[in-house]
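Asker: Structure incoming, see below.
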Amino acid sequence: MKFLFWFLPFLIIAFDILELVQAQDQTGFISLDCGLVPTETNYVEKSTNISYKSDFNYIETGEAKKINDAYRTLFQQQTWSLRSFPHGQRNCYNFNLTANRKYLIRGTFIYGNYDNLNQLPIFDLHIGPNRWTTVTTLGVTNGSIHEMIHVLTQDRLQVCLVKTGDTKPFISSLELRPLNNETYVTQSGSLVAVSRVFFSPTPTFVRYDEDINDRTWVPYIDKNNSVIRTDVAVDTSNFYNVPQVVARTAAIPVDASQPLTIDWTLDEVTALSYIYMHFAEIQSLKANETREFNITYNGGKRWFDYFRPPNFSITTIFNPRAVSSPDGKFSFTFAMTSNSTLPPLINALEIYKVLDLSLLETNQDEVLAMMNIKVTYELNKRPSWQGDPCVPESYRWEGLDCSYPDSEPPRIISLNLTGSNLTGTITSDISKLTQLRELDLSNNGLSGEIPAFFADMNLLTLINLSGNPEINGSVIPDSLQKRIDRNSLKLILDGNQNRTTKSKSKDVPIVAIAASVAGGFSLIVIVAIIFVLTRRKQKPPEEFISLDCGLVPKDTIYREKSTNIVYKSDANYIESGVARKVNAAYMTLSQRQRKIWSLRSFPEGTRNCYNFNLTAKRRYLIRADFVYGNYDDRNQLPSFDLHVGPNKWTSVSVPGLKNSSYHEMIHVLTQDPLQVCLVKTGETTPFISSLQLRPLHNETYGTKSGSLVTISRVYFSPTTLVVRYADDIHDRGWSSYLDSQMKSISTDLFVNTSNFYDVPQAVARNAAVPANESQPLTINWSLNEITTQIYVYMHFAEIQNLEAKGTREFNIYCNGNEHWLSYFRPPKFTIKTIANSRAISSPDGKFNLTLAMTGNSTLPPLINGLELYKVLSLLQLDTDQDEVSAMVNIKRSYGLEKKVSWQGDPCAPQIYLWEGLNCSYPDSKPPRIISLNLRGNKLTGSITPELSKLTQLIELDLSMNDLSGDIPDFFADMKSLKLIKLSGNPNLNGKIPDSLKKRLKSHSITLMYDVHTSLTNSQIIKKKVPVVAIVFGVSALLVILAIFFVFLRWKRSKTIVFVLVCSFYIHIFYSIHLTFHYGLVKRKTRSFSSSITRKDLRIRFPKILEMTNNFERVLGKGGFGTVYHGKLDDTQVAVKMLSSSSAQGYKEFKAEVELLLRVHHRHLVGLVGYCDDGDNLALIYEYMAKGDLHENMSGKHSGNVLSWETRMQIAVEAGQGFISLDCGLVPENTTYVENTINITYKSDADYIDSGSVGKIKDAYTTQFQRQLWSLRSFPDGKRNCYNVNVTANSKYLIRGSFVYGNYDGLNQLPSFDLHIGPNKWSSVTIEGVANFSMTEIIHVVTQERLQVCLVKTGPTTPFISSLELRPLPNQSYVTETGSLTRFARVFFSTSSSVIRLQKTIFLHNFLKTV
């Protein structure tokens, strides 16, 4: 079945053959006959019985027209009239609806030669600010229809017609139909209809009221298919409400033995599609008849397997994620399975392509306010005041400026209504523009009082009310006057005078004086304007920071001759590095640039940083120069990274030819301090020649997020001069550029460059035009990083005196078809800057900018200046500013400048965390310092109050120094502080402030003072020195007895191997038992890299003190240390503290924690948490109220002694170290013993962060063990991974089990891949008969973390029922390389049993064979 999509054109022709129907409920329908007059007309369209009305109340513009009579007989009544839009570029319909509702929206366009021009129009259709489609009226049908399904983001909907060429937009009919929100769901974006067909040989197509949603269904059949039908009612009560006439017919292949195929091609090969298939069995099948088929597409990709259409009931199957085809071609095949006796069928098919809605609508409250302002002041005739006020930016309303925050709606920040003939009072709707900064209502006819609400508009800084003689300016509201007095707001009244004082009576003008000075004042104004325009460029260079790096002596200052900029040494901005000079040969090459003769190199440390104290939220241009000049006589060109704050800015490579490089960025400071850091990444030494900072206007170079890295900045001139300061007051560098397809024009006249970008005169007075003036002007460039997002800034000015009939007007396109700006006319001798409001990218890194003349233009396009920048994402936030300042001051107070790691941001990035610091990293907030360890750093003097500014500090260690003075009382005010270590400071006054004593008494803080004392209240409690426990020798005897017992009792095995294995595991069990009687290794100093990987169970020492009530109750002692009773969140726990005299060191402690984190069993005490906090090491276990194993073996606890068989079972089971996950098990803390194999299973929730839990259908639970009843599915993401802490270089058997059990009700057997780490392990295919699959691998883990990942490979959803890990002896299953995937494992017996635990302790599956 092959068909092209003549769906929409067919609708137009078929309008006249709809059958007459009876009316149903049309609640929610909006049916507009566009251009219908009289405007109050309503009528019922006969063929559909739908009520239509005029569009007059939904639009403010356009002209009502009618198609020629010859076309009326072809079409329905709602297309006879139309509305055309000869004026304005964008004209919009406005609807008040309900946010988050789903609508079908249909626009119909019948040209009908209404204007007698026989010129078929072409234009764009927008939904809100986003382009929906291009409307082309076809010559044969003289019209077109466009339909989409759209979810409203606001209560207001706008449908706009946008002029894109010389023809006039128009519309015949506009219809909105509410849909069920459960239907037509997408991951993102809206749906544009491609086709909607049912299978019938009749020409009648289906609409309302057969379809209650008024969708249009086109009949279709081809020669390879036949139609079956029924008169029996079909249940169509799923959310899609397929019409009965559609559901009662179906297509089947003519040759019943062949598949049914459907093919189509999309013009847009990159388009993403959603496909909805509707199926119902409409034949009464006999007992021996079955209709079952598989659905595949595009060469065998699986869509749905073993599908059986339900009897006389519609089921809708669709792809949960959009699909695409590399060539735009789709081929679907419906093929009988081997179970089937009947051919496949399909009742109906819908195809949609995804419309990506990338532009957010302006804030809803502000849109409503602007609409009310428009109505209040009768601004309806403003041509640009149509559609969304702010977006797209090229259609922004005249007089508005907007901000465009990333991922948030645009906001209105400036409103200019000067000279707009406004009358009446100042409307209160202005107060709803809460982000407004500037308001200009000057030169109107406003009257009444100045409203007090201006004072409550916190961001408002300027109000211009001059030129409104009827406004009562004599009394300014008190609240507003206060803001004026604080200089937070400027109010301009009465001829541009700033009203800054309250006055009860009007000033009396002195007419004579005014008349006498008027002429002189005018002259002064003119002179002042000229002075400003010509002299404003001479900004004092003192605002610049210009560092000659490595310049000595360090107090040297000089003026660079070519730019007249003053440079100074960098010595006061950095604490490290060595001053060097380039070789003399390179100085002569750069004699005009003295700043690159010297340099600073950084042979020590990984990160070395420059520090600047600037102004937060200011925008700066930052430029760094690097001239190697063989300064070190090695001829070894360095390579290293450059960071701004904690984020990487760029990699610096010094090319051999130039021996130099420079990098430039535009950056908005988030804090007052700025750090520029050089980071060593290899063997070579970082260096820098010059570092320069230039403040810019904050209104320039705006981005949605991130900073801008300079790619290119050019002007168009045949000269080779580079324009810099003082021509450019911001010291940007402009290079000249012309290619063979361009020529330059220039002027000697002054060009007004007074917009915020301050383009230099030398740039503004030159422009490029195409060498062939009849051709477009094109500019091409390529980027190496194809994923790079860029911003493009274009500067335009008309620099020729145009003749009376001369017009320069052009459209701007990017990459061939992306419409950037239409009908643009450069302002005369005034610079206009145009930029993209959102970053753009290109799939191949290639960009093409095209400036093309419009039909109105007599002159070619031009461009004066061009700037290209790529976006630098700054993902890592700077540490809290106050804490950075405090750490810098602490560094200086204690002379810690030489600490190698104490450079740059204290906390970020985490790999460069300052030595002795720990930080927290809250989501979307700056990092905070929570721990400071300055132990043994030779600190002298008093304890600095700067520490009090570390308000999130939990632990402070100042021990083993030479501090003096008093213990400060500000410690008591640091609410988060739990532990202070001051021991080893003999000159410190031990008197404790009263406020700190209160906290000590309440146990909310611990103070450790003097060498061997700890202060937890006003008394000094001496530390207890634990005594080494006697070795518990009975344990060895128990091991021997256990081995002997097993050897005697386990007669069936007849092998000593199993006994040895059991003894091995008993040994393991004792090594992880609560008392840990044997400590075999002396404590060692641990390295930073050996820290425990699992952080979520880590508990700080102050919390340990709180849990144990300062170690109040002792449960027992052993070689490890003392065990204390504690409470954690009202749960009893046992806390074992590592004794300083214990033979067990940190390595053993870490191994123990890691082991217990991954080993869980009903016979093993569970690890609740651990403390790894400086010298304080502890294990926190479940509390054993009934005693430990030793007590139960000896009968001490209850008098009952465990039998030998029970002891053996406990030892073997506990020793195995199984991880047995029941995936999707809820509640998440559930554990249970699976009775048939006696294995403890638990939920997988702690091992994975994604997925949805589900259960197989009840009919399947009797066929499988309990651990396979629940499952976890992964509808989101391509790869979802389990993370398991294991032992590196250990061997494991890993098993994944998958029972589909129709958990999702779709009867769609999934297929997906399983990965072990980054490598594919297996493809998982669920067999239809068994509904089950299992795969197994034997794998040696190379790291301490193992990842098992489910990877989506098609339209079905990956899932898993159970995941099991079993440790194996490393001497077993040895391979030369790689891992082992199980093919078969059998034993030879006539029995029918499958062997698992407990007859094989590793829980293999042994299948019988004979």
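All residue names refer to the structure tokens as shown: chains lettered A, B, ... in order, residues numbered from 1 in each chain, ligands numbered from 1 in order.
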Could you give me, as a list in words, the residues within 9 Å of region 561-573 of chain A, counting only C-alpha atoms and dropping anything in the same chain fewer than 6 positions from it?

Answerer: Pro541, Glu542, Phe544, Ile545, Ser546, Leu547, Asp548, Cys549, Gly550, Leu551, Val552, Pro553, Lys554, Asp555, Arg592, Gln593, Arg594, Lys595, Arg600, Cys609, Tyr610, Asn611, Phe612, Ser690, Leu691, Arg724, Tyr725, Ala726 and Asp731 of chain A

Asker: Extract, using only C-alpha atoms, all DNA, RNA and protein residues at most 6 Å from region 272-278 of chain A, discarding same-chain residues fewer than 2 positions from it, and format them as a list of chain:residue names.

Answerer: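 Here the qualifying residues turn out to be A:Thr315, A:Thr316, A:Ile317, A:Phe318, A:Ala322, A:Val323, A:Ser324, A:Asn347, A:Ala348, A:Leu349, A:Glu350, A:Ile351, A:Tyr352, A:Lys353, A:Val354.
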
Asker: Residues within 6 Å of region 694-703 of chain A, please, as a ChimeraX atom specification. Count only C-alpha atoms; anything in the same chain fewer than 5 positions from it doesn't count.

Answerer: /A:544,619-621

Asker: Which value, in Å to one decimal, gives the distance between CA of Glu393 (chain A) and CA of Phe109 (chain A)?

Answerer: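 Between CA of Glu393 (chain A) and CA of Phe109 (chain A) the gap works out to 27.1 Å.
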
Asker: Using only C-alpha atoms, determine which residues lie at most 9 Å from Thr1357 (chain A), disregarding the query and same-chain residues fewer than 5 positions distant; provide the list as a PyMOL selection string.

Answerer: chain A and resi 1273-1276+1310-1312+1352

Asker: Output C-alpha atoms for every residue in that selection, as a PDB file, in the first residue's frame.

Answerer:
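Output contents, as saved in again_24.pdb:
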ATOM      1  CA  SER A1273      10.860  -0.308  33.406  1.00  0.00           C
ATOM      2  CA  PHE A1274      12.712   2.579  31.789  1.00  0.00           C
ATOM      3  CA  PRO A1275      10.457   4.693  29.541  1.00  0.00           C
ATOM      4  CA  ASP A1276      12.844   7.670  29.753  1.00  0.00           C
ATOM      5  CA  PRO A1310      10.264  -5.573  24.388  1.00  0.00           C
ATOM      6  CA  SER A1311      13.694  -5.891  22.828  1.00  0.00           C
ATOM      7  CA  PHE A1312      16.741  -3.970  24.037  1.00  0.00           C
ATOM      8  CA  LYS A1352      17.029   1.266  24.467  1.00  0.00           C
TER       9      LYS A1352
END

Asker: If you run DSSP on the backbone here, which positions in region 573-689 of chain A get helix (DSSP H, G or I)? Please write them as a list in words.

Answerer: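 The helix (DSSP H, G or I) subset of region 573-689 of chain A is Tyr573, Ala584, Ala585, Tyr586, Met587, Thr588, Leu589, Arg594, Lys595 and Ile596 of chain A.
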
Asker: Check the smallest atom-to-atom distance from each of A:Glu470, A:Ile980, A:Glu398, A:Ala455 to Gly424 (chain A) using only C-alpha atoms, then report the winner.

Answerer: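 Ranking A:Glu470, A:Ile980, A:Glu398, A:Ala455 by distance to Gly424 (chain A), first place goes to A:Glu470.
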
Asker: Separation of CA of Val192 (chain A) and CA of Asp209 (chain A), in Å?

Answerer: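 Going from CA of Val192 (chain A) over to CA of Asp209 (chain A), I get 22.4 Å.
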
Asker: Go through A:Tyr306, A:Tyr93, A:Tyr757, A:Tyr1181 and flag the residue nearest Ala1134 (chain A), using only C-alpha atoms for the distances.

Answerer: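 Looking only at the distances to Ala1134 (chain A), the closest residue turns out to be A:Tyr1181.
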
Asker: Using DSSP on the backbone coordinates, identify the residues of region 567-768 of chain A assigned to strand (DSSP E or B); present them as number ranges by chain.

Answerer: A: 567-569, 578-581, 598-601, 607-613, 619-627, 639-644, 647-653, 660-668, 673-679, 687-688, 690-696, 707-715, 723, 734-736, 742-746, 752, 766-768
